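*Asks:* Structure provided below as structure tokens; questions to follow.
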Amino acid sequence: MTTENVDTLIIGAGQAGVAMSEHLGKRGVPHLAVERGNIAQRWRAERWDSLVANGPAWHDRFPNRTFDKTAPDGFAPRAQIVDYFESYATQINMPIRCGVEIRHLRKAADGIGFEAQTADGTIRAQNVVVATGPFQKPSFPDIIPAEFDVHQMHSNSYKNPQQIADGGVLVIGAGSSGAQIADELRASGRDVWLSVGPHDRPPRRYRGRDFVWWLGVLGLWDMKVPSPDTEHVTIAVSGAHGGHTVDFRDLAAGGMTLLGRTESFENGCLHFAQDLRKNIEGGDANYLSMLDAADAYVTANGLDLPEEPEARNIGALPACVTDPILSLDLKAAGIKTVIWATGYKFDFSWIDIDVLDARGAPRHDRGVSVVPGLYFLGLAWLSRRASPFIWGVWHDADYLGQHIADRRLSLAG
């Protein structure tokens, strides 16, 4: 077993790790990035085949490179996103070592720096940046017993409709992933049920501008963390089919059955909360509030953007919302597969350092942890709302890069 010494170790080579490497390199900080798989591993292996970015290509990128094969207002497909980060790593001469999994991270025995244990030995570093991203351990509640005769899977394992056994499909969770997967399955001819919880539902475009543009000019991307336990907001928006506003009425009109939030399971039946109408109308309210804020901004700044009064036309609620199903016998309905699009949990179990809170989340300020020399990058609400997104993580990495450079100078002095 060998021991290797590096100045700064980056753990992870997704968007966070690549951004961190660029900003350390610009400041002359020697570093090494290690990745358990390949660059952009989760984009490669833990996303469905037809996935496209939820933001347009002019926005969902780093400042120093555009997408080669997607127009600025288009939405880059998964394979192009993987190619983008690979090409970016080459562009910045990223010192990357793939196929290296960090099994344990602890403080060095002599108290100077950290020790990262791998299958081949130990990497010692003065600084460590944990850049493993916001999507770590797939999470779904233990509601349906594993022995019940229905196939359960998390959305991170879903690839395409051909992968799913014959029969109906219940998708639980109606954020971007759940809504898009359910839509794809319904388009393939499946009977689909979609369990809808509370969510934000912004317009894809309004008055000639994408909603990510509106988030920027309205200052919402820069919104700070409301509280220490703030979680990532469920947002129903889609870059699929050229980008469109998600309206659950349209999904119902296409033959999908909408359900409330999934609550419990008993005797082969799933039971749902009586909150479907409230959740749909809450999404509508969020949608209309975005239009109100955009209109106010246009007026206040005298912008010449086309009016779009038809955007406020919201259709009637479908029957499955006004007369909701509260209990569903899975076998009687012919449901053979349940896809949980219910997000992720932290998994820092490999970090043997007192840096996590009771939720298992790192204790930090803008990614600078309470343990000197240990940093976190790419997490939701790391510094603001934009933090887990491609361009947001780039700016957070800039801040951490300067902090690490300043720390090296102070230690050297």
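Convention: chains lettered A, B, ... in structure tokens order; per-chain residue numbering from 1; ligands numbered from 1 as shown.
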Determine which residues of segment 234-289 of chain A DSSP labels as strand (DSSP E) from the backbone of this structure, then write them out as a PDB file with C-alpha atoms, in the first residue's frame.

*Replies:*
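And here is the file that came out, out-v6.pdb:
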```pdb
ATOM      1  CA  THR A 257     -54.346   9.594 -13.830  1.00  0.00           C
ATOM      2  CA  LEU A 258     -53.218  12.103 -11.219  1.00  0.00           C
ATOM      3  CA  LEU A 259     -53.110  11.165  -7.539  1.00  0.00           C
ATOM      4  CA  THR A 262     -48.587   8.853  -1.425  1.00  0.00           C
ATOM      5  CA  GLU A 263     -49.155   8.161   2.266  1.00  0.00           C
ATOM      6  CA  SER A 264     -49.506   4.486   3.180  1.00  0.00           C
ATOM      7  CA  PHE A 265     -49.968   0.893   1.986  1.00  0.00           C
ATOM      8  CA  GLU A 266     -52.282  -1.756   3.359  1.00  0.00           C
ATOM      9  CA  CYS A 269     -53.744  -0.874  -1.658  1.00  0.00           C
ATOM     10  CA  LEU A 270     -51.907   2.442  -1.704  1.00  0.00           C
ATOM     11  CA  HIS A 271     -53.590   5.315   0.078  1.00  0.00           C
ATOM     12  CA  PHE A 272     -53.194   8.933  -0.972  1.00  0.00           C
TER      13      PHE A 272
END
```

*Asks:* Quick one: residues within 6 Å of Val169 of chain A, only C-alpha atoms, excluding same-chain residues fewer than 3 positions away - as a ChimeraX atom specification?

*Replies:* /A:192,335,337-338

*Asks:* For those residues, write N, CA and C atoms to a file as a PDB file, in the first residue's frame.

*Replies:*
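Everything below was put into selection01.pdb:
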```pdb
ATOM      1  N   VAL A 192     -50.535   5.019 -17.005  1.00  0.00           N
ATOM      2  CA  VAL A 192     -49.651   5.682 -16.049  1.00  0.00           C
ATOM      3  C   VAL A 192     -50.471   6.441 -15.010  1.00  0.00           C
ATOM      4  N   ILE A 335     -51.097  -2.391 -12.135  1.00  0.00           N
ATOM      5  CA  ILE A 335     -49.807  -1.720 -11.956  1.00  0.00           C
ATOM      6  C   ILE A 335     -48.737  -2.752 -11.606  1.00  0.00           C
ATOM      7  N   THR A 337     -45.245  -1.808 -11.991  1.00  0.00           N
ATOM      8  CA  THR A 337     -44.003  -1.100 -11.671  1.00  0.00           C
ATOM      9  C   THR A 337     -44.314   0.193 -10.932  1.00  0.00           C
ATOM     10  N   VAL A 338     -43.535   0.467  -9.898  1.00  0.00           N
ATOM     11  CA  VAL A 338     -43.615   1.734  -9.182  1.00  0.00           C
ATOM     12  C   VAL A 338     -42.247   2.413  -9.290  1.00  0.00           C
TER      13      VAL A 338
END
```

*Asks:* Write out as a VMD selection string all residues of segment 207-379 of chain A that DSSP puts in helix (DSSP H, G or I) for this structure's backbone.

*Replies:* chain A and resid 211 to 217 240 to 242 248 to 253 276 to 301 309 to 312 319 to 322 330 to 333

*Asks:* For the residues selected in the previous step, produce a file with N, CA and C atoms as a short mmCIF file (atom, residue, chain, number, x, y, z; two decimals), in the first residue's frame.

*Replies:*
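Heads up, here's the output in again02.cif:
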```
data_model
loop_
_atom_site.label_atom_id
_atom_site.label_comp_id
_atom_site.auth_asym_id
_atom_site.auth_seq_id
_atom_site.Cartn_x
_atom_site.Cartn_y
_atom_site.Cartn_z
N PHE A 211 -37.61 30.99 -18.36
CA PHE A 211 -37.80 31.26 -16.94
C PHE A 211 -36.48 31.40 -16.19
N VAL A 212 -35.39 30.80 -16.67
CA VAL A 212 -34.11 30.97 -15.99
C VAL A 212 -33.62 32.41 -16.12
N TRP A 213 -33.98 33.07 -17.23
CA TRP A 213 -33.65 34.49 -17.40
C TRP A 213 -34.41 35.31 -16.37
N TRP A 214 -35.69 34.99 -16.20
CA TRP A 214 -36.50 35.72 -15.22
C TRP A 214 -35.96 35.49 -13.81
N LEU A 215 -35.56 34.27 -13.48
CA LEU A 215 -34.99 34.03 -12.16
C LEU A 215 -33.77 34.90 -11.93
N GLY A 216 -33.00 35.13 -12.99
CA GLY A 216 -31.81 35.96 -12.87
C GLY A 216 -32.13 37.42 -12.63
N VAL A 217 -32.96 38.01 -13.50
CA VAL A 217 -33.21 39.45 -13.38
C VAL A 217 -34.05 39.77 -12.14
N ALA A 240 -37.69 18.91 -22.19
CA ALA A 240 -38.06 17.92 -23.22
C ALA A 240 -38.94 18.54 -24.29
N HIS A 241 -38.92 17.92 -25.47
CA HIS A 241 -39.75 18.37 -26.61
C HIS A 241 -39.47 19.83 -26.96
N GLY A 242 -38.24 20.24 -26.84
CA GLY A 242 -37.88 21.61 -27.14
C GLY A 242 -38.12 22.59 -26.01
N PHE A 248 -50.11 19.89 -15.39
CA PHE A 248 -50.63 18.56 -15.08
C PHE A 248 -52.00 18.32 -15.70
N ARG A 249 -52.71 19.38 -16.07
CA ARG A 249 -53.96 19.22 -16.81
C ARG A 249 -53.70 18.55 -18.16
N ASP A 250 -52.61 18.96 -18.81
CA ASP A 250 -52.27 18.37 -20.10
C ASP A 250 -51.97 16.87 -19.95
N LEU A 251 -51.27 16.51 -18.88
CA LEU A 251 -50.95 15.10 -18.66
C LEU A 251 -52.23 14.30 -18.44
N ALA A 252 -53.15 14.87 -17.68
CA ALA A 252 -54.42 14.18 -17.44
C ALA A 252 -55.22 14.07 -18.74
N ALA A 253 -55.20 15.13 -19.55
CA ALA A 253 -55.93 15.10 -20.82
C ALA A 253 -55.36 14.03 -21.77
N LEU A 276 -54.47 16.58 -3.52
CA LEU A 276 -54.14 16.74 -4.94
C LEU A 276 -54.56 18.11 -5.46
N ARG A 277 -55.80 18.48 -5.19
CA ARG A 277 -56.27 19.79 -5.67
C ARG A 277 -55.42 20.92 -5.07
N LYS A 278 -55.14 20.82 -3.79
CA LYS A 278 -54.32 21.84 -3.14
C LYS A 278 -52.94 21.93 -3.79
N ASN A 279 -52.34 20.79 -4.12
CA ASN A 279 -51.01 20.78 -4.73
C ASN A 279 -51.03 21.37 -6.13
N ILE A 280 -52.05 21.00 -6.93
CA ILE A 280 -52.16 21.54 -8.28
C ILE A 280 -52.40 23.05 -8.24
N GLU A 281 -53.31 23.49 -7.38
CA GLU A 281 -53.60 24.91 -7.29
C GLU A 281 -52.43 25.69 -6.69
N GLY A 282 -51.66 25.04 -5.82
CA GLY A 282 -50.46 25.69 -5.30
C GLY A 282 -49.43 25.90 -6.41
N GLY A 283 -49.30 24.91 -7.29
CA GLY A 283 -48.42 25.08 -8.45
C GLY A 283 -48.90 26.18 -9.37
N ASP A 284 -50.23 26.26 -9.56
CA ASP A 284 -50.79 27.33 -10.38
C ASP A 284 -50.49 28.70 -9.77
N ALA A 285 -50.62 28.80 -8.46
CA ALA A 285 -50.35 30.07 -7.79
C ALA A 285 -48.90 30.48 -7.97
N ASN A 286 -48.00 29.51 -7.87
CA ASN A 286 -46.59 29.79 -8.09
C ASN A 286 -46.36 30.28 -9.53
N TYR A 287 -47.01 29.64 -10.48
CA TYR A 287 -46.92 30.01 -11.90
C TYR A 287 -47.39 31.45 -12.10
N LEU A 288 -48.56 31.79 -11.56
CA LEU A 288 -49.11 33.13 -11.74
C LEU A 288 -48.27 34.19 -11.02
N SER A 289 -47.70 33.82 -9.88
CA SER A 289 -46.86 34.79 -9.15
C SER A 289 -45.61 35.12 -9.96
N MET A 290 -45.12 34.14 -10.71
CA MET A 290 -43.95 34.37 -11.57
C MET A 290 -44.32 35.35 -12.69
N LEU A 291 -45.52 35.17 -13.26
CA LEU A 291 -45.97 36.09 -14.30
C LEU A 291 -46.14 37.50 -13.73
N ASP A 292 -46.70 37.60 -12.53
CA ASP A 292 -46.88 38.91 -11.89
C ASP A 292 -45.54 39.59 -11.68
N ALA A 293 -44.57 38.85 -11.16
CA ALA A 293 -43.25 39.42 -10.90
C ALA A 293 -42.57 39.86 -12.19
N ALA A 294 -42.73 39.05 -13.25
CA ALA A 294 -42.14 39.40 -14.54
C ALA A 294 -42.79 40.66 -15.12
N ASP A 295 -44.12 40.74 -15.05
CA ASP A 295 -44.81 41.92 -15.57
C ASP A 295 -44.38 43.18 -14.81
N ALA A 296 -44.27 43.06 -13.51
CA ALA A 296 -43.85 44.21 -12.69
C ALA A 296 -42.44 44.64 -13.07
N TYR A 297 -41.56 43.69 -13.33
CA TYR A 297 -40.19 44.01 -13.71
C TYR A 297 -40.16 44.73 -15.06
N VAL A 298 -40.96 44.24 -16.01
CA VAL A 298 -41.02 44.87 -17.33
C VAL A 298 -41.48 46.32 -17.21
N THR A 299 -42.52 46.55 -16.42
CA THR A 299 -43.05 47.90 -16.24
C THR A 299 -42.03 48.81 -15.56
N ALA A 300 -41.42 48.30 -14.49
CA ALA A 300 -40.48 49.12 -13.72
C ALA A 300 -39.25 49.51 -14.52
N ASN A 301 -38.86 48.64 -15.45
CA ASN A 301 -37.64 48.88 -16.22
C ASN A 301 -37.90 49.33 -17.64
N PRO A 309 -50.96 37.87 -22.71
CA PRO A 309 -52.11 37.68 -21.81
C PRO A 309 -52.64 36.25 -21.79
N GLU A 310 -52.47 35.53 -22.90
CA GLU A 310 -52.97 34.15 -22.95
C GLU A 310 -52.24 33.22 -21.99
N ALA A 311 -51.08 33.63 -21.52
CA ALA A 311 -50.33 32.80 -20.57
C ALA A 311 -51.08 32.65 -19.25
N ARG A 312 -52.03 33.56 -18.99
CA ARG A 312 -52.78 33.50 -17.74
C ARG A 312 -54.04 32.64 -17.84
N ALA A 319 -61.17 15.70 -13.97
CA ALA A 319 -62.00 14.93 -13.04
C ALA A 319 -61.17 14.20 -11.99
N CYS A 320 -59.98 13.74 -12.37
CA CYS A 320 -59.16 13.00 -11.41
C CYS A 320 -58.64 13.90 -10.29
N VAL A 321 -58.76 15.23 -10.48
CA VAL A 321 -58.38 16.18 -9.43
C VAL A 321 -59.59 16.59 -8.60
N THR A 322 -60.72 16.86 -9.26
CA THR A 322 -61.92 17.28 -8.52
C THR A 322 -62.57 16.11 -7.78
N LEU A 330 -53.30 -1.97 -6.32
CA LEU A 330 -52.29 -2.04 -7.39
C LEU A 330 -52.54 -3.20 -8.34
N LYS A 331 -52.87 -4.35 -7.82
CA LYS A 331 -53.10 -5.51 -8.69
C LYS A 331 -54.34 -5.32 -9.54
N ALA A 332 -55.43 -4.84 -8.94
CA ALA A 332 -56.66 -4.62 -9.70
C ALA A 332 -56.46 -3.59 -10.80
N ALA A 333 -55.60 -2.60 -10.55
CA ALA A 333 -55.34 -1.57 -11.54
C ALA A 333 -54.36 -2.02 -12.62
#
```

*Asks:* Could you give me, as CSV, a per-residue list for segment 107-176 of chain A showing, wherever an atom lies at most 7 Å from an atom of segment 7-22 of chain A, the closest pair of atoms and their distance in Å to one decimal, using only C-alpha atoms and sorting by chain then residue number from low to high?

*Replies:*
```
residue,atom,partner,partner_atom,distance
A:Ala125,CA,A:Asp7,CA,5.2
A:Gln126,CA,A:Asp7,CA,5.3
A:Asn127,CA,A:Thr8,CA,4.6
A:Val128,CA,A:Leu9,CA,4.7
A:Val129,CA,A:Ile10,CA,4.8
A:Val130,CA,A:Ile11,CA,5.1
A:Ala131,CA,A:Gly12,CA,5.0
A:Thr132,CA,A:Gly12,CA,5.0
A:Gly133,CA,A:Ala16,CA,6.7
```

*Asks:* Figure out the distance between atom CA of Asp68 of chain A and atom CA of Val52 of chain A, please, to one decimal in Å.

*Replies:* 15.0 Å

*Asks:* With the cut-off set at 12 Å and counting only C-alpha atoms, tabulate each residue of segment 143-219 of chain A with an atom at most that distance from an atom of segment 26-43 of chain A, showing the nearest atom pair and its distance in Å to one decimal, ordered by chain and increasing number, as a Markdown table.

*Replies:*
```
| residue | atom | partner | partner_atom | distance |
| --- | --- | --- | --- | --- |
| A:Asn156 | CA | A:Arg42 | CA | 8.9 |
| A:Ser157 | CA | A:Arg42 | CA | 10.9 |
| A:Lys159 | CA | A:Trp43 | CA | 11.9 |
```

*Asks:* Distance atom CA of Gln180 of chain A-atom CA of Pro203 of chain A, one decimal place?

*Replies:*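 It comes out at 15.4 Å.
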
*Asks:* Please provide the set of residues having any atom within 8 Å of Thr3 of chain A, restricted to only C-alpha atoms, with same-chain residues fewer than 6 positions apart removed, written as a ChimeraX atom specification.

*Replies:* /A:121-124

*Asks:* Would you kindly return, as JSON, numbers by chain, each protein, DNA or RNA residue with an atom no farther than 6 Å from any atom of Arg207 of chain A, considering only C-alpha atoms and excluding same-chain residues fewer than 5 positions away?

*Replies:* {"A": [305, 306, 307, 308]}

*Asks:* Take the residues from that selection and put them in a file with all heavy atoms, as a short mmCIF file (atom, residue, chain, number, x, y, z; two decimals), in the first residue's frame.

*Replies:*
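So selection_17.cif came out as:
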```
data_model
loop_
_atom_site.label_atom_id
_atom_site.label_comp_id
_atom_site.auth_asym_id
_atom_site.auth_seq_id
_atom_site.Cartn_x
_atom_site.Cartn_y
_atom_site.Cartn_z
N LEU A 305 -40.90 44.15 -24.19
CA LEU A 305 -41.11 42.72 -24.36
C LEU A 305 -42.58 42.47 -24.68
O LEU A 305 -43.46 43.11 -24.09
CB LEU A 305 -40.72 41.96 -23.08
CG LEU A 305 -39.25 42.01 -22.69
CD1 LEU A 305 -39.02 41.23 -21.39
CD2 LEU A 305 -38.35 41.47 -23.79
N PRO A 306 -42.86 41.55 -25.60
CA PRO A 306 -44.24 41.35 -26.04
C PRO A 306 -45.15 40.89 -24.91
O PRO A 306 -44.76 40.07 -24.09
CB PRO A 306 -44.11 40.25 -27.11
CG PRO A 306 -42.84 39.54 -26.77
CD PRO A 306 -41.92 40.59 -26.24
N GLU A 307 -46.35 41.47 -24.86
CA GLU A 307 -47.31 41.03 -23.86
C GLU A 307 -47.81 39.63 -24.21
O GLU A 307 -47.81 39.22 -25.37
CB GLU A 307 -48.48 42.01 -23.78
CG GLU A 307 -48.08 43.38 -23.27
CD GLU A 307 -49.28 44.28 -23.04
OE1 GLU A 307 -50.41 43.79 -23.20
OE2 GLU A 307 -49.06 45.46 -22.71
N GLU A 308 -48.21 38.89 -23.18
CA GLU A 308 -48.64 37.51 -23.39
C GLU A 308 -49.82 37.20 -22.47
O GLU A 308 -49.74 36.37 -21.57
CB GLU A 308 -47.46 36.56 -23.11
CG GLU A 308 -47.63 35.18 -23.68
CD GLU A 308 -46.40 34.31 -23.45
OE1 GLU A 308 -45.28 34.86 -23.33
OE2 GLU A 308 -46.56 33.09 -23.40
#
```

*Asks:* Mind pulling up the distance from atom CA of Phe389 of chain A to atom CA of Phe348 of chain A?

*Replies:*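 Atom-to-atom, atom CA of Phe348 of chain A to atom CA of Phe389 of chain A, that is 20.4 Å.
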
*Asks:* Nearest to Val393 of chain A: which of A:Ala146, A:Leu326, A:Ala380, A:Ala89 is it, counting only C-alpha atoms?

*Replies:*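 Nearest to Val393 of chain A: A:Ala380.
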